[in-house]
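Trainee: Structure in structure tokens, see below.
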Amino acid sequence: MKTTETSAPLPAEPGASVSKVDVPAGPPPKEKKEGNLLNVFSHGMLVLWAFMVVMPLLWAVMTSFKDDNSIFTSPWALPDKLHFDNWARAWTDANMSDYFLNTVLVVGGSLIGTLVLGSMAAYVLARFDFPGNRFIYFLFIGGMSFPIMLALVPLFYVVNNMGLLNSLHGLILVYIAYSLPFTVFFLTAFFRTLPTSIAEAAFVDGASHSRTFFQIMLPMAKPGLISVGIFNFLGQWNQYMLPTVLNTDPDKRVLTQGLVQLAASQGYKGDWSGLFAGLVMAMLPVLAAYIVFQRQVVQGLTAGALK
């Protein structure tokens, strides 16, 4: 019985080219084509959405520098010159400066109080197990689903009985209570994503709970604090219903109340350029805050997604 021996292939000489067997390339997969089509559609929708959002803002800014005649005769044309007197008139004559200052005081105080109290409550709910932990957590979540309109009448009487009606500090306390449920809900989930080994090491070194929280855990939660701070800032800056019910003093009106008053008064006077200047004044702080902290907002929203 014979066995056929096949000689082993000789190694290729240095410098010699080795021929490769050409494999016929098949048609591109359908998944790739569908993915490209989906990307084009999604990018097109994003561009359309950006156009729908940015164009009204740019038009309002452009209109605030026009005179009243140009607003109606050529609404889409650029202003012939920059009428800065519109801004000066809205700032002084329409008392926008007083409304702006009141809003800064109310929103600044309520934002600080909301972040301090909300972060402390969220840290305890996220890191410590005690009887009633889940009940308190779901109680905060239930506060998010409670319509504020149902609480306006009892809230008015409570604030009035406490002697805080028509006062800025009373409005600050109401803003804090209004913003705490979402803040606790957001920060509780964020604190759960932070590593526990650092806090345990601090306890081993003799740090107290308060020192561990304020010096170690709170700086680590900076992205989450900035994100929830931006959301609370937007909601409190644009709040209209609460100050309308709880703050009827003309000297203590906030910016949203001032804009409604400005729209009514300037509309009867025909001073539309001053009205647009006031609208842009109220809009610029919100845009500036988001532009400055947009990276921190995205970082806070995506924190823990890859954990």
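Lettering and numbering for the structure tokens are positional, with chains as A, B, ... in the shown order, residues counted from 1 in each chain, and ligands counted from 1 in the shown order.
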Please identify which residues in region 96-166 of chain A DSSP calls helix (DSSP H, G or I) from the backbone, and express them as a VMD selection string.
Mentor: chain A and resid 96 to 127 133 to 145 148 to 161
Trainee: Here is a test: counting only C-alpha atoms, which residue of A:Phe72, A:Trp59, A:Phe41, A:Tyr137 is nearest to Gly270 (chain A)?
Mentor: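 Nearest to Gly270 (chain A): A:Phe72.
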Trainee: Please compute the CA of Phe84 (chain A)-CA of Tyr99 (chain A) distance, one decimal, in Å.
Mentor: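 One can read the CA of Phe84 (chain A) to CA of Tyr99 (chain A) distance as 19.7 Å.
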Trainee: Restricting the calculation to only C-alpha atoms, which member of A:Thr244, A:Ser273, A:Gln239, A:Asn39 is positioned closest to Pro79 (chain A)?
Mentor: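 Answer, going by the shortest atom-to-atom distance: A:Ser273.
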